[in-house]
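For reference, protein_1.txt is printed below; it contains compact mmCIF, N, CA and C atoms.
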```
# COMPACT_ATOMS: atom_id res chain seq x y z
N MET A 201 136.84 84.94 34.12
CA MET A 201 138.18 84.44 34.27
C MET A 201 138.73 84.08 32.90
N ALA A 202 139.88 84.62 32.57
CA ALA A 202 140.48 84.39 31.25
C ALA A 202 141.12 83.01 31.21
N THR A 203 141.00 82.36 30.03
CA THR A 203 141.64 81.05 29.89
C THR A 203 143.09 81.24 29.47
N GLU A 204 143.94 80.44 30.03
CA GLU A 204 145.36 80.52 29.73
C GLU A 204 145.67 79.67 28.51
N GLU A 205 146.55 80.17 27.66
CA GLU A 205 146.96 79.43 26.47
C GLU A 205 147.69 78.16 26.87
N ARG A 206 147.34 77.05 26.23
CA ARG A 206 147.98 75.79 26.60
C ARG A 206 149.28 75.58 25.84
N TRP A 207 150.15 74.75 26.40
CA TRP A 207 151.40 74.37 25.77
C TRP A 207 151.13 73.25 24.78
N VAL A 208 151.81 73.28 23.64
CA VAL A 208 151.63 72.24 22.62
C VAL A 208 152.99 71.65 22.26
N GLY A 209 152.96 70.48 21.61
CA GLY A 209 154.19 69.79 21.24
C GLY A 209 154.58 70.04 19.79
N VAL A 210 155.65 69.37 19.39
CA VAL A 210 156.20 69.52 18.03
C VAL A 210 155.17 69.14 16.97
N GLU A 211 154.46 68.05 17.20
CA GLU A 211 153.48 67.60 16.21
C GLU A 211 152.38 68.65 16.00
N ASP A 212 151.92 69.26 17.09
CA ASP A 212 150.89 70.30 16.98
C ASP A 212 151.40 71.52 16.22
N VAL A 213 152.65 71.90 16.47
CA VAL A 213 153.24 73.05 15.76
C VAL A 213 153.38 72.73 14.28
N ALA A 214 153.85 71.52 13.97
CA ALA A 214 154.00 71.11 12.57
C ALA A 214 152.66 71.15 11.85
N THR A 215 151.62 70.65 12.50
CA THR A 215 150.27 70.68 11.92
C THR A 215 149.79 72.12 11.75
N HIS A 216 150.00 72.94 12.76
CA HIS A 216 149.58 74.35 12.73
C HIS A 216 150.22 75.10 11.56
N LEU A 217 151.51 74.81 11.31
CA LEU A 217 152.24 75.50 10.25
C LEU A 217 152.15 74.78 8.90
N GLY A 218 151.67 73.54 8.91
CA GLY A 218 151.56 72.79 7.66
C GLY A 218 152.91 72.31 7.15
N VAL A 219 153.80 71.92 8.06
CA VAL A 219 155.14 71.46 7.69
C VAL A 219 155.42 70.13 8.40
N ALA A 220 156.54 69.50 8.05
CA ALA A 220 156.96 68.26 8.69
C ALA A 220 157.58 68.56 10.05
N LYS A 221 157.52 67.57 10.95
CA LYS A 221 158.13 67.73 12.27
C LYS A 221 159.63 68.00 12.15
N ASP A 222 160.29 67.41 11.16
CA ASP A 222 161.72 67.65 10.95
C ASP A 222 162.00 69.13 10.70
N SER A 223 161.10 69.80 9.99
CA SER A 223 161.27 71.23 9.73
C SER A 223 161.20 72.02 11.03
N VAL A 224 160.30 71.64 11.93
CA VAL A 224 160.19 72.33 13.21
C VAL A 224 161.50 72.20 13.99
N TYR A 225 162.04 70.99 14.06
CA TYR A 225 163.32 70.79 14.77
C TYR A 225 164.44 71.59 14.12
N ARG A 226 164.49 71.61 12.79
CA ARG A 226 165.54 72.35 12.08
C ARG A 226 165.41 73.85 12.33
N TRP A 227 164.18 74.36 12.34
CA TRP A 227 163.96 75.79 12.57
C TRP A 227 164.33 76.18 14.01
N ILE A 228 164.14 75.27 14.96
CA ILE A 228 164.57 75.55 16.33
C ILE A 228 166.08 75.76 16.34
N ASP A 229 166.82 74.86 15.70
CA ASP A 229 168.28 74.92 15.69
C ASP A 229 168.83 76.05 14.85
N GLU A 230 168.28 76.22 13.64
CA GLU A 230 168.89 77.12 12.67
C GLU A 230 168.29 78.52 12.60
N LYS A 231 167.01 78.66 12.92
CA LYS A 231 166.35 79.94 12.71
C LYS A 231 165.78 80.57 13.97
N GLY A 232 165.94 79.90 15.10
CA GLY A 232 165.48 80.49 16.35
C GLY A 232 163.99 80.38 16.60
N LEU A 233 163.35 79.34 16.10
CA LEU A 233 161.92 79.12 16.40
C LEU A 233 161.76 79.05 17.91
N PRO A 234 160.85 79.83 18.49
CA PRO A 234 160.73 79.87 19.95
C PRO A 234 160.21 78.55 20.52
N ALA A 235 161.04 77.89 21.32
CA ALA A 235 160.69 76.62 21.92
C ALA A 235 161.18 76.59 23.36
N HIS A 236 160.49 75.87 24.19
CA HIS A 236 160.84 75.74 25.60
C HIS A 236 161.07 74.27 25.88
N ARG A 237 162.22 73.97 26.49
CA ARG A 237 162.55 72.58 26.84
C ARG A 237 161.85 72.21 28.15
N VAL A 238 161.18 71.07 28.14
CA VAL A 238 160.62 70.49 29.35
C VAL A 238 161.16 69.07 29.41
N GLY A 239 162.25 68.90 30.13
CA GLY A 239 162.95 67.61 30.11
C GLY A 239 163.55 67.39 28.73
N ARG A 240 163.18 66.30 28.10
CA ARG A 240 163.67 66.00 26.75
C ARG A 240 162.76 66.54 25.66
N LEU A 241 161.61 67.06 26.03
CA LEU A 241 160.61 67.50 25.06
C LEU A 241 160.66 69.00 24.82
N PHE A 242 160.21 69.41 23.63
CA PHE A 242 160.01 70.82 23.34
C PHE A 242 158.53 71.13 23.52
N ARG A 243 158.25 72.28 24.09
CA ARG A 243 156.88 72.77 24.23
C ARG A 243 156.81 74.18 23.68
N PHE A 244 155.65 74.53 23.15
CA PHE A 244 155.47 75.79 22.44
C PHE A 244 154.16 76.44 22.85
N LYS A 245 154.12 77.75 22.69
CA LYS A 245 152.88 78.53 22.74
C LYS A 245 152.60 78.95 21.30
N LEU A 246 151.43 78.61 20.79
CA LEU A 246 151.13 78.93 19.39
C LEU A 246 151.16 80.43 19.12
N SER A 247 150.86 81.23 20.13
CA SER A 247 150.93 82.69 19.93
C SER A 247 152.37 83.13 19.66
N GLU A 248 153.35 82.49 20.33
CA GLU A 248 154.76 82.80 20.09
C GLU A 248 155.19 82.34 18.70
N ILE A 249 154.68 81.20 18.28
CA ILE A 249 155.01 80.68 16.95
C ILE A 249 154.46 81.62 15.89
N ASP A 250 153.20 82.04 16.05
CA ASP A 250 152.59 82.95 15.07
C ASP A 250 153.36 84.27 14.99
N GLU A 251 153.78 84.80 16.14
CA GLU A 251 154.55 86.05 16.16
C GLU A 251 155.89 85.85 15.46
N TRP A 252 156.54 84.71 15.70
CA TRP A 252 157.83 84.41 15.06
C TRP A 252 157.66 84.34 13.54
N VAL A 253 156.59 83.71 13.09
CA VAL A 253 156.34 83.60 11.64
C VAL A 253 156.14 84.99 11.04
N ARG A 254 155.33 85.81 11.70
CA ARG A 254 155.09 87.17 11.19
C ARG A 254 156.39 87.96 11.15
N HIS A 255 157.18 87.90 12.18
CA HIS A 255 158.44 88.64 12.26
C HIS A 255 159.42 88.14 11.21
N ASP A 256 159.54 86.81 11.06
CA ASP A 256 160.46 86.22 10.10
C ASP A 256 160.06 86.56 8.67
N SER A 257 158.77 86.55 8.38
CA SER A 257 158.33 86.87 7.01
C SER A 257 158.57 88.34 6.69
N GLN A 258 158.47 89.21 7.70
CA GLN A 258 158.77 90.63 7.49
C GLN A 258 160.26 90.81 7.22
N GLN A 259 161.11 90.07 7.94
CA GLN A 259 162.56 90.16 7.74
C GLN A 259 162.92 89.69 6.33
N GLU A 260 162.31 88.60 5.86
CA GLU A 260 162.60 88.10 4.51
C GLU A 260 162.17 89.09 3.46
N ALA A 261 161.03 89.74 3.66
CA ALA A 261 160.55 90.72 2.68
C ALA A 261 161.52 91.88 2.56
N VAL A 262 162.14 92.27 3.66
CA VAL A 262 163.09 93.37 3.65
C VAL A 262 164.41 92.94 3.02
N SER A 263 164.86 91.73 3.33
CA SER A 263 166.18 91.30 2.88
C SER A 263 166.21 90.78 1.45
N LYS A 264 165.08 90.30 0.92
CA LYS A 264 165.05 89.76 -0.44
C LYS A 264 164.14 90.61 -1.32
N PRO A 265 164.64 91.15 -2.39
CA PRO A 265 163.77 91.87 -3.31
C PRO A 265 162.82 90.89 -4.00
N VAL A 266 161.66 91.38 -4.36
CA VAL A 266 160.68 90.54 -5.05
C VAL A 266 161.27 90.08 -6.38
N GLY A 267 161.09 88.80 -6.67
CA GLY A 267 161.60 88.26 -7.93
C GLY A 267 163.02 87.76 -7.85
N SER A 268 163.68 87.90 -6.69
CA SER A 268 165.05 87.39 -6.57
C SER A 268 164.99 85.88 -6.41
N ARG A 269 166.01 85.21 -6.90
CA ARG A 269 166.06 83.76 -6.83
C ARG A 269 167.14 83.35 -5.85
N ASN A 270 166.94 82.20 -5.25
CA ASN A 270 167.93 81.64 -4.35
C ASN A 270 168.98 80.94 -5.20
N PRO A 271 170.22 81.42 -5.25
CA PRO A 271 171.22 80.85 -6.14
C PRO A 271 171.54 79.40 -5.83
N SER A 272 171.46 78.97 -4.60
CA SER A 272 171.77 77.58 -4.28
C SER A 272 170.73 76.64 -4.86
N ARG A 273 169.51 77.07 -4.96
CA ARG A 273 168.46 76.22 -5.51
C ARG A 273 168.47 76.22 -7.03
N SER A 274 168.86 77.33 -7.65
CA SER A 274 168.83 77.39 -9.11
C SER A 274 169.81 76.40 -9.72
N GLY A 275 170.95 76.21 -9.08
CA GLY A 275 171.91 75.23 -9.56
C GLY A 275 171.35 73.82 -9.49
N LYS A 276 170.61 73.54 -8.44
CA LYS A 276 170.01 72.22 -8.28
C LYS A 276 168.98 71.97 -9.36
N ASN A 277 168.14 72.96 -9.63
CA ASN A 277 167.10 72.80 -10.64
C ASN A 277 167.69 72.58 -12.02
N SER A 278 168.75 73.30 -12.36
CA SER A 278 169.33 73.16 -13.68
C SER A 278 169.97 71.79 -13.84
N SER A 279 170.58 71.26 -12.78
CA SER A 279 171.18 69.93 -12.88
C SER A 279 170.11 68.86 -12.99
N GLN A 280 168.97 69.06 -12.33
CA GLN A 280 167.87 68.12 -12.46
C GLN A 280 167.33 68.14 -13.88
N SER A 281 167.25 69.31 -14.48
CA SER A 281 166.77 69.42 -15.86
C SER A 281 167.70 68.69 -16.81
N LYS A 282 169.00 68.81 -16.59
CA LYS A 282 169.98 68.13 -17.44
C LYS A 282 169.83 66.62 -17.33
N VAL A 283 169.62 66.13 -16.11
CA VAL A 283 169.45 64.69 -15.91
C VAL A 283 168.20 64.21 -16.62
N ARG A 284 167.12 64.95 -16.50
CA ARG A 284 165.87 64.57 -17.18
C ARG A 284 166.06 64.57 -18.69
N ALA A 285 166.77 65.58 -19.20
CA ALA A 285 166.99 65.66 -20.66
C ALA A 285 167.82 64.47 -21.15
N LYS A 286 168.85 64.10 -20.39
CA LYS A 286 169.67 62.95 -20.77
C LYS A 286 168.86 61.66 -20.74
N LYS A 287 168.03 61.51 -19.70
CA LYS A 287 167.22 60.31 -19.57
C LYS A 287 166.22 60.22 -20.71
N LYS A 288 165.63 61.36 -21.05
CA LYS A 288 164.64 61.39 -22.12
C LYS A 288 165.30 61.05 -23.45
N ALA A 289 166.50 61.59 -23.70
CA ALA A 289 167.22 61.31 -24.94
C ALA A 289 167.60 59.83 -25.00
N LYS A 290 167.97 59.28 -23.87
CA LYS A 290 168.35 57.86 -23.81
C LYS A 290 167.15 56.96 -24.11
N ASP A 291 165.98 57.33 -23.60
CA ASP A 291 164.76 56.54 -23.79
C ASP A 291 164.28 56.58 -25.25
N GLU A 292 164.58 57.66 -25.94
CA GLU A 292 164.12 57.80 -27.32
C GLU A 292 165.00 57.06 -28.21
```
Kindly return the structure encoded in the file as structure tokens.
Amino acid sequence: MATEERWVGVEDVATHLGVAKDSVYRWIDEKGLPAHRVGRLFRFKLSEIDEWVRHDSQQEAVSKPVGSRNPSRSGKNSSQSKVRAKKKAKDE
């Protein structure tokens, strides 16, 4: 007799993927992470999560060339560098 895959909660999915629970909730809303509502709770099958991760990573590989940078993040990094440089100059 085959064992049936059990349903898991948000915390188990976050642990399985190595991310924060907030990321799991955000991915449900923004990226279509497969989740099933049971009352107020979300329940997941880890096999569906693993398939979603594989499919999503394949889509990213196709849509982003290797070595491309995310322009929204590069602006943030450069402004952080400027703040650090100003702080360092002020301390000296």
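Reported to one decimal place, the separation of atom N of Pro234 in chain A from CA of Thr215 in chain A is 15.5 Å.
Using all atoms listed in the file, the shortest contact distance between Gly232 in chain A and any of A:Trp252, A:Ala261, A:Phe244, A:Ala220 is found at A:Trp252.
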Practice item. Using DSSP on the backbone coordinates, identify all residues within range 207-267 of chain A classified as alpha helix (DSSP H); present the result as a ChimeraX atom specification. Key: /A:210-217,221-231,246-263
With N, CA and C atoms retained, could you export that selection as an mmCIF file, in the frame of the given file?
```
data_model
loop_
_atom_site.group_PDB
_atom_site.id
_atom_site.type_symbol
_atom_site.label_atom_id
_atom_site.label_comp_id
_atom_site.auth_asym_id
_atom_site.auth_seq_id
_atom_site.Cartn_x
_atom_site.Cartn_y
_atom_site.Cartn_z
ATOM 1 N N VAL A 210 155.650 69.370 19.390
ATOM 2 C CA VAL A 210 156.200 69.520 18.030
ATOM 3 C C VAL A 210 155.170 69.140 16.970
ATOM 4 N N GLU A 211 154.460 68.050 17.200
ATOM 5 C CA GLU A 211 153.480 67.600 16.210
ATOM 6 C C GLU A 211 152.380 68.650 16.000
ATOM 7 N N ASP A 212 151.920 69.260 17.090
ATOM 8 C CA ASP A 212 150.890 70.300 16.980
ATOM 9 C C ASP A 212 151.400 71.520 16.220
ATOM 10 N N VAL A 213 152.650 71.900 16.470
ATOM 11 C CA VAL A 213 153.240 73.050 15.760
ATOM 12 C C VAL A 213 153.380 72.730 14.280
ATOM 13 N N ALA A 214 153.850 71.520 13.970
ATOM 14 C CA ALA A 214 154.000 71.110 12.570
ATOM 15 C C ALA A 214 152.660 71.150 11.850
ATOM 16 N N THR A 215 151.620 70.650 12.500
ATOM 17 C CA THR A 215 150.270 70.680 11.920
ATOM 18 C C THR A 215 149.790 72.120 11.750
ATOM 19 N N HIS A 216 150.000 72.940 12.760
ATOM 20 C CA HIS A 216 149.580 74.350 12.730
ATOM 21 C C HIS A 216 150.220 75.100 11.560
ATOM 22 N N LEU A 217 151.510 74.810 11.310
ATOM 23 C CA LEU A 217 152.240 75.500 10.250
ATOM 24 C C LEU A 217 152.150 74.780 8.900
ATOM 25 N N LYS A 221 157.520 67.570 10.950
ATOM 26 C CA LYS A 221 158.130 67.730 12.270
ATOM 27 C C LYS A 221 159.630 68.000 12.150
ATOM 28 N N ASP A 222 160.290 67.410 11.160
ATOM 29 C CA ASP A 222 161.720 67.650 10.950
ATOM 30 C C ASP A 222 162.000 69.130 10.700
ATOM 31 N N SER A 223 161.100 69.800 9.990
ATOM 32 C CA SER A 223 161.270 71.230 9.730
ATOM 33 C C SER A 223 161.200 72.020 11.030
ATOM 34 N N VAL A 224 160.300 71.640 11.930
ATOM 35 C CA VAL A 224 160.190 72.330 13.210
ATOM 36 C C VAL A 224 161.500 72.200 13.990
ATOM 37 N N TYR A 225 162.040 70.990 14.060
ATOM 38 C CA TYR A 225 163.320 70.790 14.770
ATOM 39 C C TYR A 225 164.440 71.590 14.120
ATOM 40 N N ARG A 226 164.490 71.610 12.790
ATOM 41 C CA ARG A 226 165.540 72.350 12.080
ATOM 42 C C ARG A 226 165.410 73.850 12.330
ATOM 43 N N TRP A 227 164.180 74.360 12.340
ATOM 44 C CA TRP A 227 163.960 75.790 12.570
ATOM 45 C C TRP A 227 164.330 76.180 14.010
ATOM 46 N N ILE A 228 164.140 75.270 14.960
ATOM 47 C CA ILE A 228 164.570 75.550 16.330
ATOM 48 C C ILE A 228 166.080 75.760 16.340
ATOM 49 N N ASP A 229 166.820 74.860 15.700
ATOM 50 C CA ASP A 229 168.280 74.920 15.690
ATOM 51 C C ASP A 229 168.830 76.050 14.850
ATOM 52 N N GLU A 230 168.280 76.220 13.640
ATOM 53 C CA GLU A 230 168.890 77.120 12.670
ATOM 54 C C GLU A 230 168.290 78.520 12.600
ATOM 55 N N LYS A 231 167.010 78.660 12.920
ATOM 56 C CA LYS A 231 166.350 79.940 12.710
ATOM 57 C C LYS A 231 165.780 80.570 13.970
ATOM 58 N N LEU A 246 151.430 78.610 20.790
ATOM 59 C CA LEU A 246 151.130 78.930 19.390
ATOM 60 C C LEU A 246 151.160 80.430 19.120
ATOM 61 N N SER A 247 150.860 81.230 20.130
ATOM 62 C CA SER A 247 150.930 82.690 19.930
ATOM 63 C C SER A 247 152.370 83.130 19.660
ATOM 64 N N GLU A 248 153.350 82.490 20.330
ATOM 65 C CA GLU A 248 154.760 82.800 20.090
ATOM 66 C C GLU A 248 155.190 82.340 18.700
ATOM 67 N N ILE A 249 154.680 81.200 18.280
ATOM 68 C CA ILE A 249 155.010 80.680 16.950
ATOM 69 C C ILE A 249 154.460 81.620 15.890
ATOM 70 N N ASP A 250 153.200 82.040 16.050
ATOM 71 C CA ASP A 250 152.590 82.950 15.070
ATOM 72 C C ASP A 250 153.360 84.270 14.990
ATOM 73 N N GLU A 251 153.780 84.800 16.140
ATOM 74 C CA GLU A 251 154.550 86.050 16.160
ATOM 75 C C GLU A 251 155.890 85.850 15.460
ATOM 76 N N TRP A 252 156.540 84.710 15.700
ATOM 77 C CA TRP A 252 157.830 84.410 15.060
ATOM 78 C C TRP A 252 157.660 84.340 13.540
ATOM 79 N N VAL A 253 156.590 83.710 13.090
ATOM 80 C CA VAL A 253 156.340 83.600 11.640
ATOM 81 C C VAL A 253 156.140 84.990 11.040
ATOM 82 N N ARG A 254 155.330 85.810 11.700
ATOM 83 C CA ARG A 254 155.090 87.170 11.190
ATOM 84 C C ARG A 254 156.390 87.960 11.150
ATOM 85 N N HIS A 255 157.180 87.900 12.180
ATOM 86 C CA HIS A 255 158.440 88.640 12.260
ATOM 87 C C HIS A 255 159.420 88.140 11.210
ATOM 88 N N ASP A 256 159.540 86.810 11.060
ATOM 89 C CA ASP A 256 160.460 86.220 10.100
ATOM 90 C C ASP A 256 160.060 86.560 8.670
ATOM 91 N N SER A 257 158.770 86.550 8.380
ATOM 92 C CA SER A 257 158.330 86.870 7.010
ATOM 93 C C SER A 257 158.570 88.340 6.690
ATOM 94 N N GLN A 258 158.470 89.210 7.700
ATOM 95 C CA GLN A 258 158.770 90.630 7.490
ATOM 96 C C GLN A 258 160.260 90.810 7.220
ATOM 97 N N GLN A 259 161.110 90.070 7.940
ATOM 98 C CA GLN A 259 162.560 90.160 7.740
ATOM 99 C C GLN A 259 162.920 89.690 6.330
ATOM 100 N N GLU A 260 162.310 88.600 5.860
ATOM 101 C CA GLU A 260 162.600 88.100 4.510
ATOM 102 C C GLU A 260 162.170 89.090 3.460
ATOM 103 N N ALA A 261 161.030 89.740 3.660
ATOM 104 C CA ALA A 261 160.550 90.720 2.680
ATOM 105 C C ALA A 261 161.520 91.880 2.560
ATOM 106 N N VAL A 262 162.140 92.270 3.660
ATOM 107 C CA VAL A 262 163.090 93.370 3.650
ATOM 108 C C VAL A 262 164.410 92.940 3.020
ATOM 109 N N SER A 263 164.860 91.730 3.330
ATOM 110 C CA SER A 263 166.180 91.300 2.880
ATOM 111 C C SER A 263 166.210 90.780 1.450
#
```
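Pairwise distance (CA of Glu205 in chain A, CA of Ala235 in chain A) equals 14.7 Å.
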Exercise for review: List every protein, DNA or RNA residue that has an atom no more than 6.5 Å from (157.6, 69.0, 24.1) in the file's coordinate frame, counting all atoms listed in the file, and report them as JSON, numbers by chain.
Suggested key: {"A": [208, 209, 210, 238, 240, 241, 242, 243, 244]}
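What separates atom N of His216 in chain A from atom N of Ile249 in chain A is a distance of 11.0 Å.
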